Structures are given as C-alpha cells and as structure tokens.
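Working notes for the structure below.
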Amino acid sequence: MHVIRLLTTGPRTSLKGTLAVTCLAGLGNAALIGLINEVGEKAALAEPVSGTLLLLYVGAFAFFYIASRASLHEANRMLQHRLGMLRLRIVDKIRHAPLRALEQIGQGELYAVVAQETNHLSQNLPLFVSAVQSGFLLVFCLLYIAVLSPPSFLVVGAFTALGLAIFWRRRVVLNRALGGVYGHETAMLDGMTSFTEGFQEIRLNADKNDALFHQFTRTVSELETAVTGIGSRWVALMQFSNAFLYALVGVVIFVLPMFFHGYNDVIYKVAAAAIFCVGPVTAITSASHLYAKADTGLGHVYRMEERLDEAVARTPPTPDGSRFQGFRRIDFQDITFSYRDADGQVVFTSGPWSFALNRGEIVFLVGGNGSGKSTAMKLMSGLYPPDGGGILVDGAPVTPEIRQEYRELFSGIFPDFHLFDRLYGLGDVDPARVRALIHRMELDEKTDFKDGRFTATGLSTGQRKRLAMIAALLEDREIYLFDEWAADQDSRFRDVFYTEILPDLKRRGKTVLAVTHDDRYWSCCDRRLTLDLGMIQAEAAEPGAPSAG
C-alpha cells in the first residue's frame, strides 16, 4: 500500500484533519439522504412539509458543500506537500549517488519515476477524494439502514461486503498486470530518447532509421497489447460491480418483504438508501483503477529510492572544502575498474595501471576509440571508485570517506557535458569578469551574461563547450579535465586552446589532464600517456612543451 505509505509519511495531524473533514462531507451527504426520505414520506401521506425540514435541508446542503470543498482543498494541500517532499528526497539522493549507480539505472527510468510516476495521484486527486467521501457515505448509509431495519442492514451489509471482497480479489490480479506495464513504458521512453539524442545519426542512415522505428513499433505494440488486456479485465470488473449492486437492490425490494413482517412500512426508505449506496460503491470501484495505477507508480518510486539508498549509504556527506588543497603529487597505484552487464559479466576492464601526477603539469591522454581514456579520467577524478588499487595525495590515501574532498580538486568538461545557463555555486561572481571571458572566447555576438545567467545557450557544440570552459575557469579548481574539448572547435580556436588556454593554466599553477587526438599539438604537454585496451602502454615526455614562465 504505497499510497498509504506516502500519506502517513510526515506529520499525522494534517492527515487526520483531512480525514476528519472528508468524513464530515460524507456525513452531510448522508444527512441529505435522510431528509429526502422524510420529505418523500410526507409527500406520500399528503402531509405538508414544515419549514423546519426545509431549514434542515438547506443547512445540511450548506454543510455538505462547505465540507466537500474543504476536503478537496485540504487533501490537495497535504498531497502536494507529501509529493513535493518525496521528489526532493529522491533528487537529493540522486545528486549524492555515485555516477556509476546512476548510469546503471538509466536516464529513461529516472525521468519516468521522478516526472511521471509521482503525478498519478495529483492528476486524479478529485476522483480519489470523491471516492473517500463515498466510502464514508456508504458507511453512514448502512448505519441509516440499520436504524430503519436491522434485518435489512444485515442483508445489505453482507451483500456489500461480499461484493467488495470479490472485487478486491479481482483487483489484486489486475494490479499484478499493471506492474508489467511499467517495463513497456520505460522501454518506450528509452526508444523516444534514441530518436531525439540520435537524430543526426538516423537521418544520415535510412536503414538505421527504419530499423529503429520498427523496433519502436514493436515496443508500442507490446505496450498497447498489455494496456488493452488490462482494459478488458477492468471493463469486466466494472460490469460485475454494477450488476452486483443492482441485484442487491432487487433483493431489498422483492425478497426481504417476503420474510420480515412490517417491512413494507420502510421498504421505500431502505430501497432509496440502497439505491444511494450504488453511487458510492460505483465511485469507489471506478477510482480503484486509478488508485492501483498510482499505487503501482509509487511502488516504482520507492523501489528506485531503495536502490539509491544502497548507493548513497556508501557515500559520505558533502564536505565544505578539501584537505587536499595545495597538493604537490597524486599517485595512482595499480588502479583497476570493470564494467559489468546486467548478469554481472565483465565487458571491459581498465587497468591495472599506475602513474604519478605532479602539480602544475599538463598531461595528455591519447589512444584509439574504446581504449579507456574517458574511463581513466573518471577514475583519476574519483567519479568512479576503483575496484582495486588506490589513490594517494602527497602520501595520504584517498579513502571512501574523503573521496568527495578529493573530487573537489577537479573541474571537468566531458564529451557528454551539460551546459547550465546559470553559474551555480558562483553566486557572487563579478559579471564584468564573466563578460571578459565571453569576449576572450569570442562569443560576444552569441550570448551575454545578465541577471546571473547566460542569455543564450542554444549554440553550436563548440561554442557551448566554450561557455562550459568559462564556467570551469571561474570555478578556479586545482586540476582541470578536458575530454576531447578541442574536437568541436574550429582550427583557430583549437590553436587558442593548446597555445593560450593551457599555457595560461600552467602559469597559474594548475594541473591539466586532457584527452586529445591532435598529434600536431602533442608538444604542448609535459607528458603523454598512451592507453590501449584499458592499459597505459607508455609514458612519453615532451621536451618541447611550453615553460611555466
């Protein structure tokens, strides 16, 4: 019962208040039914309706209207607060989770859970509140029938309980089927991501485009089949509930008078109350399908949260700074790391490799595609914890408890970088300094910095990388990681990167690790590491490297 878990998370006072107001709305509705029966009885006996009954009816109506509106308002306020806290909790765990854990979960599932699965309750809140009100109304209607005729109450109550029990058992089976739809929806979202993120590739290759679309068609067809099957079961379930209730009314009208003496005097009141029970039960059964979908969705949210908890439990709190500021040397000793598939089989291994990184030097990582350069960069920066080996900073080991302090040494621009329109974490930055860097990156005519954000980020990849460079330079970290940064620059700005930006960082005492294929600029580094199949094959010095002076 994941919805119940959500509602009971946090202060209980708001939940109790919401339930109390909803109960009052159901009570007001039941009072209206009783008053209608009283007026109907007087009309049948040709007796005048007193002003007192009229005032009671108006008062009951006003009470029901106000309570029903307050119930919806309070339920919406409480639910949105609970969902907001859940989303914040999930995102907080995402931002503290290890990179590899997020990669294994996948963007499609993350987006589906945070953005989609938490919305089912919000979108159908009025129906859920109405169903809860109907539940209270059903209870009050049964109590009203008990006052009119205890035998009728026993029959109606037993029939209602039996119907709800059968409905619930079928509902549980349907819930299991709903759980299977989630996998199809996630596959469809992943397919959509392939179309948007791989648009250039599929437009250049018609066969790839068609094959991707055929695969997506199969995914949509499987989703359609699953949802249609659930819809058929749901229709059968609804037909059962409606038929059962009308059968109940038939028993009240035709069967009970044959067994209970004096029943004819109240038969129309009991029949009216039983007919009014049809509406609440229909509202409850109709909302149960949406409730089950919301409950299933929240189940996916909580399961993902458990996966994140396992990852975050191994992650220490974020430090205020880094004890490694001003380091002189970083030693990587026998580093190993393996990627594994869903079955735990190793698909690629980096290492073991060892080398030392000195402060103020420029090191190039070179090698063919798939040689493990990007993986090595993530291991060197602490984004991936190594499976074996260790990192020492000036002789002090980097343990899991202080790994985030070690990461605080780095600022990086990776091939799959995300460009933020704001300089998060640099709230007090001087706008004049930002504009000066924009001018240096030759982006004056493309964007500006106003109100704490870049005015335009929809630029070419090379220009967006220059904006990312501006943010990295303003962070002023001690080690810079550039993974193929120059690959998307024109020849002029590629030259600026190697002959101006890198020497300037070196003069400022910064350390640079750069992945590159530009062999004509290899003289711009102090050392060059060559990777092949995850191994460092050679370490070459570059005597022609520019000096720090």
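Numbering starts fresh at 1 for the residues of each chain in the structure tokens, the chains themselves are lettered A, B, ... in the order given, and ligands are numbered from 1 as they appear.
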
query = stretch 224-370 of chain A: which residues are helix (DSSP H, G or I) by DSSP, as a PyMOL selection string?
reply = chain A and resi 224-258+263-265+267-312

query = stretch 428-445 of chain A: which residues within 12 Å, counting only C-alpha atoms, same-chain residues fewer than 3 positions away excluded, as a ChimeraX atom specification?
reply = /A:422-425,448-457,459-460,462-476,489,492-494,496-497,500-501

For N, CA, C and O atoms, I'd like the residues from the last selection saved as a short mmCIF file (atom, residue, chain, number, x, y, z; two decimals), in the first residue's frame.
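Listing of out_28.cif after writing:
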data_model
loop_
_atom_site.label_atom_id
_atom_site.label_comp_id
_atom_site.auth_asym_id
_atom_site.auth_seq_id
_atom_site.Cartn_x
_atom_site.Cartn_y
_atom_site.Cartn_z
N ARG A 422 23.01 28.96 -15.71
CA ARG A 422 23.44 29.77 -14.56
C ARG A 422 24.76 29.24 -14.01
O ARG A 422 25.07 28.06 -14.15
N LEU A 423 25.49 30.09 -13.35
CA LEU A 423 26.76 29.70 -12.74
C LEU A 423 26.48 29.25 -11.31
O LEU A 423 26.74 29.96 -10.34
N TYR A 424 25.90 28.06 -11.18
CA TYR A 424 25.55 27.55 -9.86
C TYR A 424 26.81 27.38 -9.02
O TYR A 424 27.83 26.89 -9.48
N GLY A 425 26.71 27.77 -7.75
CA GLY A 425 27.85 27.71 -6.85
C GLY A 425 28.76 28.90 -6.95
O GLY A 425 29.74 29.00 -6.21
N ASP A 448 25.31 36.73 -23.76
CA ASP A 448 25.72 37.72 -22.78
C ASP A 448 25.43 37.14 -21.40
O ASP A 448 24.83 36.06 -21.28
N PHE A 449 25.85 37.85 -20.37
CA PHE A 449 25.60 37.41 -19.00
C PHE A 449 24.79 38.48 -18.29
O PHE A 449 25.29 39.57 -18.01
N LYS A 450 23.51 38.18 -18.04
CA LYS A 450 22.61 39.13 -17.39
C LYS A 450 21.77 38.40 -16.35
O LYS A 450 21.36 37.26 -16.56
N ASP A 451 21.54 39.10 -15.24
CA ASP A 451 20.70 38.56 -14.17
C ASP A 451 21.16 37.18 -13.72
O ASP A 451 20.36 36.29 -13.41
N GLY A 452 22.49 37.01 -13.70
CA GLY A 452 23.05 35.77 -13.19
C GLY A 452 22.98 34.58 -14.11
O GLY A 452 23.18 33.45 -13.67
N ARG A 453 22.71 34.80 -15.42
CA ARG A 453 22.61 33.68 -16.34
C ARG A 453 23.06 34.08 -17.73
O ARG A 453 23.08 35.27 -18.07
N PHE A 454 23.44 33.09 -18.53
CA PHE A 454 23.77 33.33 -19.92
C PHE A 454 22.47 33.57 -20.70
O PHE A 454 21.49 32.84 -20.53
N THR A 455 22.46 34.57 -21.53
CA THR A 455 21.23 34.91 -22.26
C THR A 455 20.91 33.91 -23.35
O THR A 455 19.75 33.81 -23.76
N ALA A 456 21.89 33.17 -23.83
CA ALA A 456 21.64 32.17 -24.87
C ALA A 456 22.60 31.00 -24.69
O ALA A 456 23.80 31.20 -24.48
N THR A 457 22.06 29.79 -24.76
CA THR A 457 22.89 28.58 -24.66
C THR A 457 22.65 27.64 -25.85
O THR A 457 23.34 26.63 -25.98
N LEU A 459 23.64 27.11 -28.75
CA LEU A 459 24.70 27.41 -29.71
C LEU A 459 25.23 26.11 -30.31
O LEU A 459 24.74 25.02 -30.02
N SER A 460 26.24 26.23 -31.14
CA SER A 460 26.88 25.04 -31.68
C SER A 460 27.62 24.32 -30.56
O SER A 460 27.88 24.88 -29.48
N GLY A 462 30.73 23.40 -30.31
CA GLY A 462 32.00 24.05 -29.97
C GLY A 462 31.79 25.31 -29.15
O GLY A 462 32.53 25.56 -28.18
N GLN A 463 30.78 26.10 -29.49
CA GLN A 463 30.50 27.32 -28.73
C GLN A 463 29.98 27.00 -27.34
O GLN A 463 30.32 27.68 -26.37
N ARG A 464 29.17 25.96 -27.22
CA ARG A 464 28.67 25.55 -25.91
C ARG A 464 29.83 25.06 -25.04
O ARG A 464 29.85 25.28 -23.82
N LYS A 465 30.81 24.41 -25.66
CA LYS A 465 31.99 23.99 -24.90
C LYS A 465 32.78 25.19 -24.40
O LYS A 465 33.38 25.15 -23.32
N ARG A 466 32.78 26.27 -25.18
CA ARG A 466 33.48 27.48 -24.72
C ARG A 466 32.76 28.08 -23.51
O ARG A 466 33.41 28.59 -22.59
N LEU A 467 31.41 28.04 -23.51
CA LEU A 467 30.68 28.51 -22.34
C LEU A 467 30.98 27.62 -21.13
O LEU A 467 31.12 28.11 -20.00
N ALA A 468 31.07 26.32 -21.36
CA ALA A 468 31.43 25.42 -20.27
C ALA A 468 32.85 25.72 -19.78
O ALA A 468 33.13 25.61 -18.57
N MET A 469 33.75 26.10 -20.69
CA MET A 469 35.11 26.48 -20.30
C MET A 469 35.09 27.72 -19.41
O MET A 469 35.84 27.81 -18.42
N ILE A 470 34.21 28.67 -19.73
CA ILE A 470 34.09 29.87 -18.90
C ILE A 470 33.71 29.48 -17.47
O ILE A 470 34.31 29.95 -16.50
N ALA A 471 32.70 28.61 -17.34
CA ALA A 471 32.28 28.17 -16.01
C ALA A 471 33.42 27.45 -15.29
O ALA A 471 33.64 27.66 -14.09
N ALA A 472 34.17 26.62 -16.00
CA ALA A 472 35.27 25.88 -15.39
C ALA A 472 36.37 26.82 -14.91
O ALA A 472 36.92 26.66 -13.82
N LEU A 473 36.70 27.82 -15.72
CA LEU A 473 37.74 28.77 -15.33
C LEU A 473 37.32 29.58 -14.11
O LEU A 473 38.14 29.89 -13.24
N LEU A 474 36.02 29.92 -14.04
CA LEU A 474 35.54 30.69 -12.90
C LEU A 474 35.53 29.86 -11.62
O LEU A 474 35.67 30.40 -10.52
N GLU A 475 35.37 28.54 -11.74
CA GLU A 475 35.41 27.67 -10.57
C GLU A 475 36.81 27.66 -9.93
O GLU A 475 36.95 27.44 -8.73
N ASP A 476 37.84 27.87 -10.77
CA ASP A 476 39.22 28.02 -10.28
C ASP A 476 39.67 26.83 -9.43
O ASP A 476 40.21 26.98 -8.34
N GLN A 489 36.04 22.37 -31.98
CA GLN A 489 36.43 23.75 -32.23
C GLN A 489 36.98 23.91 -33.65
O GLN A 489 37.50 22.96 -34.24
N ARG A 492 41.15 27.74 -35.68
CA ARG A 492 41.69 28.88 -34.94
C ARG A 492 41.54 28.69 -33.44
O ARG A 492 42.49 28.86 -32.67
N PHE A 493 40.34 28.28 -33.00
CA PHE A 493 40.15 28.16 -31.54
C PHE A 493 40.78 26.90 -30.99
O PHE A 493 41.10 26.82 -29.80
N ARG A 494 41.01 25.90 -31.83
CA ARG A 494 41.79 24.75 -31.38
C ARG A 494 43.20 25.21 -31.05
O ARG A 494 43.79 24.78 -30.05
N VAL A 496 44.00 28.25 -30.11
CA VAL A 496 43.89 29.06 -28.89
C VAL A 496 43.92 28.16 -27.66
O VAL A 496 44.57 28.48 -26.65
N PHE A 497 43.23 27.05 -27.74
CA PHE A 497 43.17 26.13 -26.60
C PHE A 497 44.55 25.61 -26.23
O PHE A 497 44.96 25.65 -25.06
N GLU A 500 47.27 28.96 -25.85
CA GLU A 500 46.97 30.08 -24.95
C GLU A 500 46.33 29.62 -23.64
O GLU A 500 46.83 29.93 -22.56
N ILE A 501 45.23 28.87 -23.76
CA ILE A 501 44.50 28.50 -22.54
C ILE A 501 45.31 27.55 -21.67
O ILE A 501 45.47 27.77 -20.46
#

query = Residues at most 12 Å from stretch 189-205 of chain A, counting only C-alpha atoms, excluding those fewer than 2 positions away in the same chain, as an MDAnalysis selection string?
reply = chainID A and resid 105:113 116 182:187 207:220 223 416

query = Of the residues A:Lys446, A:Arg328, A:Lys378, A:Arg87, which is the one nearest to A:Ser350, using only C-alpha atoms?
reply =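 Between A:Lys446, A:Arg328, A:Lys378, A:Arg87, the residue approaching A:Ser350 most closely is A:Lys378.
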
message = What's around A:Asp387 at 12 Å? Count only C-alpha atoms, leave out sequence neighbours fewer than 4 positions away in its own chain, and write the answer as an MDAnalysis selection string.
response = chainID A and resid 333:340 349:352 379 382 391 400

Could you write out the selected residues, including N, CA, C and O atoms, as a tab-separated table (two decimals), in the first residue's frame?
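Ended up saving to result-v7.tsv:
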chain	number	residue	atom	x	y	z
A	333	GLN	N	47.99	4.02	-7.89
A	333	GLN	CA	48.71	2.76	-7.72
A	333	GLN	C	47.84	1.56	-8.06
A	333	GLN	O	46.83	1.31	-7.38
A	334	ASP	N	48.21	0.85	-9.14
A	334	ASP	CA	47.54	-0.40	-9.53
A	334	ASP	C	46.02	-0.25	-9.62
A	334	ASP	O	45.25	-1.06	-9.10
A	335	ILE	N	45.58	0.80	-10.31
A	335	ILE	CA	44.16	1.08	-10.42
A	335	ILE	C	43.50	0.08	-11.38
A	335	ILE	O	43.99	-0.15	-12.49
A	336	THR	N	42.38	-0.51	-10.96
A	336	THR	CA	41.59	-1.38	-11.82
A	336	THR	C	40.11	-1.03	-11.67
A	336	THR	O	39.66	-0.61	-10.60
A	337	PHE	N	39.39	-1.23	-12.77
A	337	PHE	CA	37.94	-0.99	-12.76
A	337	PHE	C	37.32	-1.78	-13.89
A	337	PHE	O	37.88	-1.85	-14.99
A	338	SER	N	36.14	-2.38	-13.64
A	338	SER	CA	35.48	-3.20	-14.66
A	338	SER	C	34.03	-2.78	-14.83
A	338	SER	O	33.32	-2.53	-13.85
A	339	TYR	N	33.61	-2.70	-16.09
A	339	TYR	CA	32.19	-2.54	-16.41
A	339	TYR	C	31.58	-3.94	-16.48
A	339	TYR	O	32.18	-4.86	-17.03
A	340	ARG	N	30.36	-4.04	-15.95
A	340	ARG	CA	29.69	-5.33	-15.95
A	340	ARG	C	28.29	-5.18	-16.54
A	340	ARG	O	27.65	-4.14	-16.40
A	349	THR	N	37.59	-3.91	-18.94
A	349	THR	CA	38.39	-3.66	-17.75
A	349	THR	C	39.43	-2.60	-18.03
A	349	THR	O	40.12	-2.65	-19.05
A	350	SER	N	39.51	-1.65	-17.12
A	350	SER	CA	40.57	-0.65	-17.17
A	350	SER	C	41.60	-0.99	-16.10
A	350	SER	O	41.28	-1.14	-14.93
A	351	GLY	N	42.88	-1.10	-16.53
A	351	GLY	CA	43.93	-1.38	-15.58
A	351	GLY	C	44.30	-2.86	-15.52
A	351	GLY	O	43.76	-3.68	-16.28
A	352	PRO	N	45.24	-3.17	-14.64
A	352	PRO	CA	45.82	-2.25	-13.66
A	352	PRO	C	46.84	-1.28	-14.29
A	352	PRO	O	47.59	-1.67	-15.19
A	379	LEU	N	38.20	7.69	-13.33
A	379	LEU	CA	38.89	7.06	-12.20
A	379	LEU	C	39.87	8.02	-11.54
A	379	LEU	O	39.96	8.09	-10.32
A	382	GLY	N	38.01	10.51	-9.39
A	382	GLY	CA	37.19	9.98	-8.30
A	382	GLY	C	35.73	9.83	-8.64
A	382	GLY	O	34.93	9.47	-7.77
A	391	ILE	N	44.51	5.58	-4.50
A	391	ILE	CA	44.99	6.92	-4.86
A	391	ILE	C	45.58	7.55	-3.60
A	391	ILE	O	44.96	7.54	-2.53
A	400	PRO	N	37.22	6.06	0.96
A	400	PRO	CA	35.84	6.39	0.56
A	400	PRO	C	35.25	7.53	1.37
A	400	PRO	O	34.45	8.31	0.85

message = Quick check for you: according to DSSP on this backbone, which residues of stretch 245-481 of chain A are classed as strand (DSSP E)? Reply as an MDAnalysis selection string.
response = chainID A and resid 329:340 346:358 362:366 388:393 396:397 410:413 449:450 453:454 479:481

key: Selection near A:Leu83, 8 Å with only C-alpha atoms, sequence-local residues under 3 positions removed, as an NGL selection string   = :A and (6 or 79-80 or 86-87 or 118)

Excluding same-chain residues fewer than 4 positions from A:Val515, what lies within 8 Å of it counting only C-alpha atoms, as a PDB file with N, CA and C atoms, in the first residue's frame?
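Dumped to result-v6.pdb:
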ATOM      1  N   PHE A 364      48.702  14.752 -21.403  1.00  0.00           N
ATOM      2  CA  PHE A 364      47.761  14.354 -22.448  1.00  0.00           C
ATOM      3  C   PHE A 364      47.528  12.852 -22.372  1.00  0.00           C
ATOM      4  N   LEU A 365      46.265  12.444 -22.532  1.00  0.00           N
ATOM      5  CA  LEU A 365      45.908  11.037 -22.645  1.00  0.00           C
ATOM      6  C   LEU A 365      45.532  10.779 -24.094  1.00  0.00           C
ATOM      7  N   VAL A 366      46.224   9.846 -24.721  1.00  0.00           N
ATOM      8  CA  VAL A 366      45.991   9.565 -26.131  1.00  0.00           C
ATOM      9  C   VAL A 366      45.712   8.069 -26.294  1.00  0.00           C
ATOM     10  N   LYS A 373      40.197   5.860 -22.355  1.00  0.00           N
ATOM     11  CA  LYS A 373      40.682   7.179 -21.919  1.00  0.00           C
ATOM     12  C   LYS A 373      39.664   7.865 -20.999  1.00  0.00           C
ATOM     13  N   SER A 374      38.405   7.895 -21.411  1.00  0.00           N
ATOM     14  CA  SER A 374      37.383   8.553 -20.587  1.00  0.00           C
ATOM     15  C   SER A 374      37.192   7.843 -19.258  1.00  0.00           C
ATOM     16  N   PHE A 482      39.889  17.867 -19.425  1.00  0.00           N
ATOM     17  CA  PHE A 482      39.313  18.205 -20.728  1.00  0.00           C
ATOM     18  C   PHE A 482      39.312  16.944 -21.592  1.00  0.00           C
ATOM     19  N   ASP A 483      38.101  16.386 -21.789  1.00  0.00           N
ATOM     20  CA  ASP A 483      37.970  15.155 -22.574  1.00  0.00           C
ATOM     21  C   ASP A 483      37.515  15.535 -23.978  1.00  0.00           C
ATOM     22  N   GLU A 484      38.466  15.569 -24.905  1.00  0.00           N
ATOM     23  CA  GLU A 484      38.194  15.919 -26.306  1.00  0.00           C
ATOM     24  C   GLU A 484      37.545  17.308 -26.418  1.00  0.00           C
ATOM     25  N   TRP A 485      38.001  18.261 -25.600  1.00  0.00           N
ATOM     26  CA  TRP A 485      37.391  19.594 -25.632  1.00  0.00           C
ATOM     27  C   TRP A 485      37.596  20.256 -26.989  1.00  0.00           C
TER      28      TRP A 485
END

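Computed from the coordinates, the atom CA of A:Arg89 to atom CA of A:Pro126 distance equals 25.5 Å.
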
request  = Counting only C-alpha atoms, figure out which residue out of A:Met304, A:Val270, A:Val172, A:Ile36 gets nearest to A:Ala146.
outcome  =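 So, comparing all the options, the nearest one is A:Val270.
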
request  = Go ahead and compute the interatomic distance for atom CA of A:Glu408 and atom CA of A:Leu531, in Å to one decimal.
outcome  =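 One can read the atom CA of A:Glu408 to atom CA of A:Leu531 distance as 25.6 Å.
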
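Of note, atom CA of A:Ala20 and atom CA of A:Leu138 are spaced 15.7 Å apart.
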
All residues 8 Å or closer to stretch 66-76 of chain A, only C-alpha atoms, same chain fewer than 4 positions away omitted, as a compact mmCIF listing (two decimals) with C-alpha atoms, in the first residue's frame:
# COMPACT_ATOMS: atom_id res chain seq x y z
CA THR A 18 -8.09 15.89 6.09
CA LEU A 19 -9.82 12.62 7.01
CA VAL A 21 -13.18 16.98 7.03
CA THR A 22 -13.79 14.25 4.43
CA LEU A 24 -17.91 15.34 7.68
CA ALA A 25 -18.59 15.70 3.95
CA GLY A 28 -23.52 15.77 5.32
CA ALA A 62 -24.57 24.09 3.01
CA GLN A 80 1.16 18.17 -2.92
CA SER A 122 -2.06 14.68 -8.45
CA LEU A 125 -6.95 13.80 -6.84
CA PRO A 126 -10.64 14.92 -7.17
CA VAL A 129 -11.22 12.48 -2.63
